[in-house]
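To start, the structure under review is shown below, and the notes come after it.
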Amino acid sequence: MNLVHPVREYMDSLVHASVRGDPLASARHRVFIASRIFCGLVALAALPVYLVARGALSVGEAIVFAWFIAPIAIACFLSRTGRYESAQVLWAVALTALILVSAGMTGGLSSPFALWLVLVPVEAALCASRRIVAATAGLALAAAALLFALDGAGLSLLPAAAAAENHAVLAASITAATIYAALLALAAGSFVRAGRALLVAEEKRYRLLALNMTDVISRHGRGGTVSFVSPAVEKLFGVQPRELMGHGLFDRVHVSDRPAYLSALADAGLGVADISVEFRARRRMPGAERDDFIWIEMRCRSLGGSGAELLADMPHDVVAVMRDVSERKAQERAIAEAHSEVEQANAAKGRFLATMSHELRTPLNAVIGFSEMLMNEQEMQIDADRRLEYARLIHDSGQHLLSVVNLVLDMSKIETGNFVITAEPFAPAPVIRNCCDLLTLKARDAGLDIVIDLPPDLPEIVADKRSLKQMLLNLLSNAIKFTDRGGHVRVSAETASDELVVAIEDTGVGISETDLPRIGNAFFQASSSYDRSYDGTGLGLSIVKGLVELHGGRLDVKSRVGVGTRMVLRLPLDCEARAGKFGTLVALPRAGAEDAAVSPAASRVVEPTVSTEVRKSA
């Protein structure tokens, strides 16, 4: 064992540097060089023994022994140049010459040596080159034809040797042929073992990659059918590889993405450069009742084909690499949504500036104009009644400016989380009626009726009374503003489960389906023109939405253009049980032992009865 490694290292050093990186080619060169050197050295080493036993060499014997220099020379040629096919041809020529000489000395075409010409193309088969096999086969046939021609003409290559010499040459030739056949068999076995070792090593390497790669490798035949898929598919799709064979993978691709999937495979099969496609595919989740869809990125390329296929534009197999890109798609979607939010914020800023300029310019013009008139009252001869009217208009304009500023401040507090609501128990019915009373005059001027439908015994709620009043006033003001003369506004309330439900319905202009999802956004108004007939900042519903969320409730909106709008406030009976999302909740101490003993949420809920009060205009 200790001698094998130095010999192997020495033989490896004789292999040309150009093939040392290829294990199979290196093994082929190493076997060729070793067998020829061994054959030549053994024959030359046997020469002294043969001379002692036989004496002087005959012409034939001298030729045979001289021939054994050729293997060593050819081995040196291969070691220096690395040209294996050329060395194989030189060896075939030398071997054919030896067989030709041996057969000519021992009977010509009838000599047993003539049959050894078959070994010439057989050995050439070890180089795995059809061209070399054909060349050596032609060489062997040419040698057989020469022997046939010599026998027919009664000629011989060399003078006939004595019988004893013929027997000695025949024995030496048989010994050499046996050694040669053994070396040939060893070479063939060595190539087989080297090839098997390479296949095992490659299989282990690719199996290691296939088992540990998170990406899925698949092979697709013509038509997109799957003929191979790596084990990583079980983690990606949640199914066994056999379930994706054939059309199994195609069946899991989302219906709307199947054309892109098949088109990518078809383009790759026709030899187009590397194709990349993204599609959705079903993944089986463990324990889930139904599959979900994930985003898959697939890169595919052609495995190549024969020249006839390429000329005929025939598709061939495609290898594809698939990976889960759902997280990246989610990030892209988040980026797109963030970009959309930024655009909406910029649009909201533009609407804010346009709206505020409209809402502030009108009262400021009134304040400036009427104040200038009061400053010049002597020149304009303004009487006391006119002076009082101007002062009232200035006051109303100032109140409008103050309300606009308060709306902006309240909205800012809600968005920044600085709005404080103070929770206290109170009866909601008086608050609802009071809000309707405050807007009765406005409704009368607009030619509307306010219809109040409240059950006799609404339970107490724990909430911010001021916030509830502000929400109701904003909703009622909007309902009156957008309802034409002759219409009506209906206010109703009821309890549902643990919530107080207050509904405000009008018969106004309504809201379109495209604008309905944006109701409640800051500074958004259904009318996009700033010279509309309806005034307002577009903050009322935004503040209502923020306040109701602070109480742990929600605002529901239903509307149809030309029919009317229904705004529904849903507030918990006890907002202390639900933390606010934006602001701070401050609970006031309950007044009296009775309030502490009975929770508003546990109060008796009375079914609504028909108790309708209509406040008509005069």
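Letters for chains follow the order of the structure tokens (A, B, ...), residue numbers begin at 1 for each chain, and ligand numbers begin at 1 in the order shown.
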
For this session: With a distance cut-off of 8 Å and only C-alpha atoms, select the neighbouring residues of range 474-482 of chain A, excluding the residue or stretch itself and same-chain residues fewer than 4 positions from it, and output the selection as a PyMOL selection string.
Result: chain A and resi 436+439+442-443+446+448+470+489+504-506+508-510+534+540-541+544+565+567

Saved selection, atoms kept: C-alpha atoms, as a PDB file, in the first residue's frame:
```
ATOM      1  CA  CYS A 436     -81.725  68.853  17.307  1.00  0.00           C
ATOM      2  CA  LEU A 439     -80.232  73.192  14.606  1.00  0.00           C
ATOM      3  CA  LYS A 442     -81.157  76.323  10.623  1.00  0.00           C
ATOM      4  CA  ALA A 443     -83.423  73.557   9.346  1.00  0.00           C
ATOM      5  CA  ALA A 446     -83.556  75.626   4.796  1.00  0.00           C
ATOM      6  CA  LEU A 448     -86.568  71.116   6.178  1.00  0.00           C
ATOM      7  CA  GLN A 470     -69.911  67.641  18.607  1.00  0.00           C
ATOM      8  CA  VAL A 489     -83.760  64.729   8.348  1.00  0.00           C
ATOM      9  CA  ILE A 504     -79.097  60.307  11.062  1.00  0.00           C
ATOM     10  CA  GLU A 505     -80.843  59.953   7.711  1.00  0.00           C
ATOM     11  CA  ASP A 506     -81.559  62.627   5.129  1.00  0.00           C
ATOM     12  CA  GLY A 508     -80.386  64.919   0.269  1.00  0.00           C
ATOM     13  CA  VAL A 509     -78.174  64.724  -2.797  1.00  0.00           C
ATOM     14  CA  GLY A 510     -76.354  61.571  -1.652  1.00  0.00           C
ATOM     15  CA  TYR A 534     -71.872  74.265  -0.299  1.00  0.00           C
ATOM     16  CA  GLY A 540     -66.480  67.589   9.924  1.00  0.00           C
ATOM     17  CA  LEU A 541     -66.736  63.903   9.077  1.00  0.00           C
ATOM     18  CA  VAL A 544     -66.559  62.571  13.752  1.00  0.00           C
ATOM     19  CA  THR A 565     -77.525  59.392   3.071  1.00  0.00           C
ATOM     20  CA  MET A 567     -74.902  58.056   8.896  1.00  0.00           C
TER      21      MET A 567
END
```

Exercise. Skipping near chain neighbours, those fewer than 5 positions away, what residues fall within 7 Å of range 35-43 of chain A using only C-alpha atoms, listed as a PyMOL selection string?
Worked result: chain A and resi 65+68-69+71-72+75+183

Written selection (N, CA and C atoms) as a short mmCIF file (atom, residue, chain, number, x, y, z; two decimals), in the first residue's frame:
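The result, stored in out-v1.cif:
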```
data_model
loop_
_atom_site.label_atom_id
_atom_site.label_comp_id
_atom_site.auth_asym_id
_atom_site.auth_seq_id
_atom_site.Cartn_x
_atom_site.Cartn_y
_atom_site.Cartn_z
N PHE A 65 11.87 -7.31 -30.47
CA PHE A 65 12.37 -6.64 -29.27
C PHE A 65 12.56 -5.15 -29.53
N PHE A 68 9.44 -2.92 -28.98
CA PHE A 68 8.97 -2.55 -27.64
C PHE A 68 9.49 -1.18 -27.19
N ILE A 69 10.35 -0.59 -28.03
CA ILE A 69 10.74 0.80 -27.73
C ILE A 69 9.61 1.75 -28.11
N PRO A 71 6.24 1.62 -27.60
CA PRO A 71 5.29 2.01 -26.55
C PRO A 71 5.82 3.10 -25.64
N ILE A 72 7.11 2.96 -25.27
CA ILE A 72 7.70 3.97 -24.38
C ILE A 72 7.75 5.33 -25.07
N ALA A 75 4.25 6.80 -25.19
CA ALA A 75 3.86 7.29 -23.87
C ALA A 75 4.51 8.64 -23.58
N LEU A 183 -3.63 -5.98 -19.97
CA LEU A 183 -3.56 -4.52 -19.77
C LEU A 183 -4.78 -3.83 -20.37
#
```

Problem set entry | DSSP-assigned helix (DSSP H, G or I) among range 369-527 of chain A, expressed as a count of residues only | 81

Exercise. Between A:Tyr390, A:Phe228, A:Phe77, A:Trp116, which is the closest to Ala366 in chain A once you count only C-alpha atoms?
Worked result: A:Tyr390

For this session: Excluding Arg242 in chain A and any residue of its chain fewer than 3 positions from it, enumerate the residues within 12 Å of it, using only C-alpha atoms, and give them as a count of residues only.
Result: 17

Exercise. Restricting the calculation to only C-alpha atoms, which member of A:Val120, A:Leu198, A:Ile294, A:Leu14 is positioned closest to Ala94 in chain A?
Worked result: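 Using only C-alpha atoms, Ala94 in chain A sits closest to A:Val120.
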
Exercise. With distances taken over only C-alpha atoms, which of A:Asp457, A:Asp396, A:Asp464, A:Glu513 is nearest to Ile421 in chain A?
Worked result: A:Asp464

Identify all residues of range 392-506 of chain A in strand (DSSP E or B) (DSSP on the backbone) and supply them as a PDB file with C-alpha atoms, in the first residue's frame.
```pdb
ATOM      1  CA  VAL A 420     -58.346  63.978  25.553  1.00  0.00           C
ATOM      2  CA  ILE A 421     -61.850  62.659  26.049  1.00  0.00           C
ATOM      3  CA  THR A 422     -63.404  62.681  29.508  1.00  0.00           C
ATOM      4  CA  ALA A 423     -65.636  59.715  30.213  1.00  0.00           C
ATOM      5  CA  GLU A 424     -68.678  60.199  32.459  1.00  0.00           C
ATOM      6  CA  PRO A 425     -72.069  58.507  32.759  1.00  0.00           C
ATOM      7  CA  PHE A 426     -74.989  60.404  31.243  1.00  0.00           C
ATOM      8  CA  ASP A 449     -88.158  69.028   8.920  1.00  0.00           C
ATOM      9  CA  ILE A 450     -86.196  67.259  11.654  1.00  0.00           C
ATOM     10  CA  VAL A 451     -87.885  64.009  12.723  1.00  0.00           C
ATOM     11  CA  ILE A 452     -86.781  62.584  16.098  1.00  0.00           C
ATOM     12  CA  ASP A 453     -87.488  58.906  16.833  1.00  0.00           C
ATOM     13  CA  ILE A 461     -73.688  55.448  28.509  1.00  0.00           C
ATOM     14  CA  VAL A 462     -70.183  56.219  29.730  1.00  0.00           C
ATOM     15  CA  ALA A 463     -68.589  58.573  27.197  1.00  0.00           C
ATOM     16  CA  HIS A 488     -86.436  65.987   5.956  1.00  0.00           C
ATOM     17  CA  VAL A 489     -83.760  64.729   8.348  1.00  0.00           C
ATOM     18  CA  ARG A 490     -84.555  61.784  10.638  1.00  0.00           C
ATOM     19  CA  VAL A 491     -82.707  61.139  13.911  1.00  0.00           C
ATOM     20  CA  SER A 492     -83.193  57.766  15.623  1.00  0.00           C
ATOM     21  CA  ALA A 493     -81.440  55.773  18.355  1.00  0.00           C
ATOM     22  CA  GLU A 494     -81.513  52.254  19.718  1.00  0.00           C
ATOM     23  CA  THR A 495     -79.358  49.807  21.634  1.00  0.00           C
ATOM     24  CA  ALA A 496     -77.868  46.731  20.012  1.00  0.00           C
ATOM     25  CA  GLU A 499     -73.670  49.519  21.751  1.00  0.00           C
ATOM     26  CA  LEU A 500     -75.677  52.701  21.373  1.00  0.00           C
ATOM     27  CA  VAL A 501     -76.688  53.123  17.726  1.00  0.00           C
ATOM     28  CA  VAL A 502     -77.589  56.639  16.599  1.00  0.00           C
ATOM     29  CA  ALA A 503     -78.716  57.018  12.979  1.00  0.00           C
ATOM     30  CA  ILE A 504     -79.097  60.307  11.062  1.00  0.00           C
ATOM     31  CA  GLU A 505     -80.843  59.953   7.711  1.00  0.00           C
ATOM     32  CA  ASP A 506     -81.559  62.627   5.129  1.00  0.00           C
TER      33      ASP A 506
END
```

For this session: Could you tell me which of A:Ile511, A:Ile217, A:Ile432, A:Leu147 comes closest to Ala232 in chain A if we count only C-alpha atoms?
Result: A:Ile217

For this session: Can you pull out every residue within 12 Å of Ser18 in chain A, counting only C-alpha atoms, but drop anything in the same chain fewer than 2 positions away, and send it as JSON, numbers by chain?
Result: {"A": [13, 14, 15, 16, 20, 21, 22, 23, 25, 26, 29, 78, 79, 80, 81, 82, 83, 84]}

Output N, CA and C atoms of each residue in that selection to a file, as a short mmCIF file (atom, residue, chain, number, x, y, z; two decimals), in the first residue's frame.
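For reference, selection-v6.cif as written:
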```cif
data_model
loop_
_atom_site.label_atom_id
_atom_site.label_comp_id
_atom_site.auth_asym_id
_atom_site.auth_seq_id
_atom_site.Cartn_x
_atom_site.Cartn_y
_atom_site.Cartn_z
N SER A 13 2.05 12.81 -12.31
CA SER A 13 2.96 13.87 -12.77
C SER A 13 3.27 13.75 -14.25
N LEU A 14 3.12 12.52 -14.81
CA LEU A 14 3.38 12.34 -16.24
C LEU A 14 2.21 12.80 -17.11
N VAL A 15 1.03 12.94 -16.49
CA VAL A 15 -0.15 13.39 -17.24
C VAL A 15 0.03 14.86 -17.61
N HIS A 16 -0.33 15.20 -18.83
CA HIS A 16 -0.18 16.57 -19.29
C HIS A 16 -1.06 17.53 -18.47
N ARG A 20 -5.41 17.68 -16.41
CA ARG A 20 -5.43 17.34 -14.99
C ARG A 20 -6.71 17.80 -14.29
N GLY A 21 -7.38 18.79 -14.87
CA GLY A 21 -8.63 19.24 -14.26
C GLY A 21 -9.82 18.36 -14.58
N ASP A 22 -9.67 17.45 -15.55
CA ASP A 22 -10.75 16.55 -15.93
C ASP A 22 -10.43 15.15 -15.39
N PRO A 23 -11.16 14.67 -14.38
CA PRO A 23 -10.80 13.38 -13.75
C PRO A 23 -10.86 12.21 -14.73
N ALA A 25 -10.63 12.23 -18.18
CA ALA A 25 -9.56 12.35 -19.17
C ALA A 25 -8.20 12.07 -18.54
N SER A 26 -8.01 12.54 -17.31
CA SER A 26 -6.75 12.28 -16.63
C SER A 26 -6.55 10.79 -16.38
N HIS A 29 -5.54 9.12 -19.73
CA HIS A 29 -4.13 9.39 -20.05
C HIS A 29 -3.21 8.58 -19.15
N LEU A 78 2.65 11.35 -25.52
CA LEU A 78 1.39 11.76 -24.89
C LEU A 78 1.64 12.60 -23.64
N SER A 79 2.66 12.24 -22.87
CA SER A 79 2.96 12.99 -21.65
C SER A 79 3.39 14.42 -21.96
N ARG A 80 4.13 14.59 -23.08
CA ARG A 80 4.62 15.92 -23.42
C ARG A 80 3.57 16.78 -24.10
N THR A 81 2.69 16.18 -24.90
CA THR A 81 1.76 16.97 -25.71
C THR A 81 0.32 16.95 -25.19
N GLY A 82 -0.08 15.85 -24.53
CA GLY A 82 -1.46 15.73 -24.09
C GLY A 82 -2.42 15.40 -25.22
N ARG A 83 -1.93 15.05 -26.38
CA ARG A 83 -2.78 14.76 -27.55
C ARG A 83 -3.09 13.26 -27.54
N TYR A 84 -4.19 12.93 -26.89
CA TYR A 84 -4.53 11.53 -26.67
C TYR A 84 -4.91 10.83 -27.97
#
```
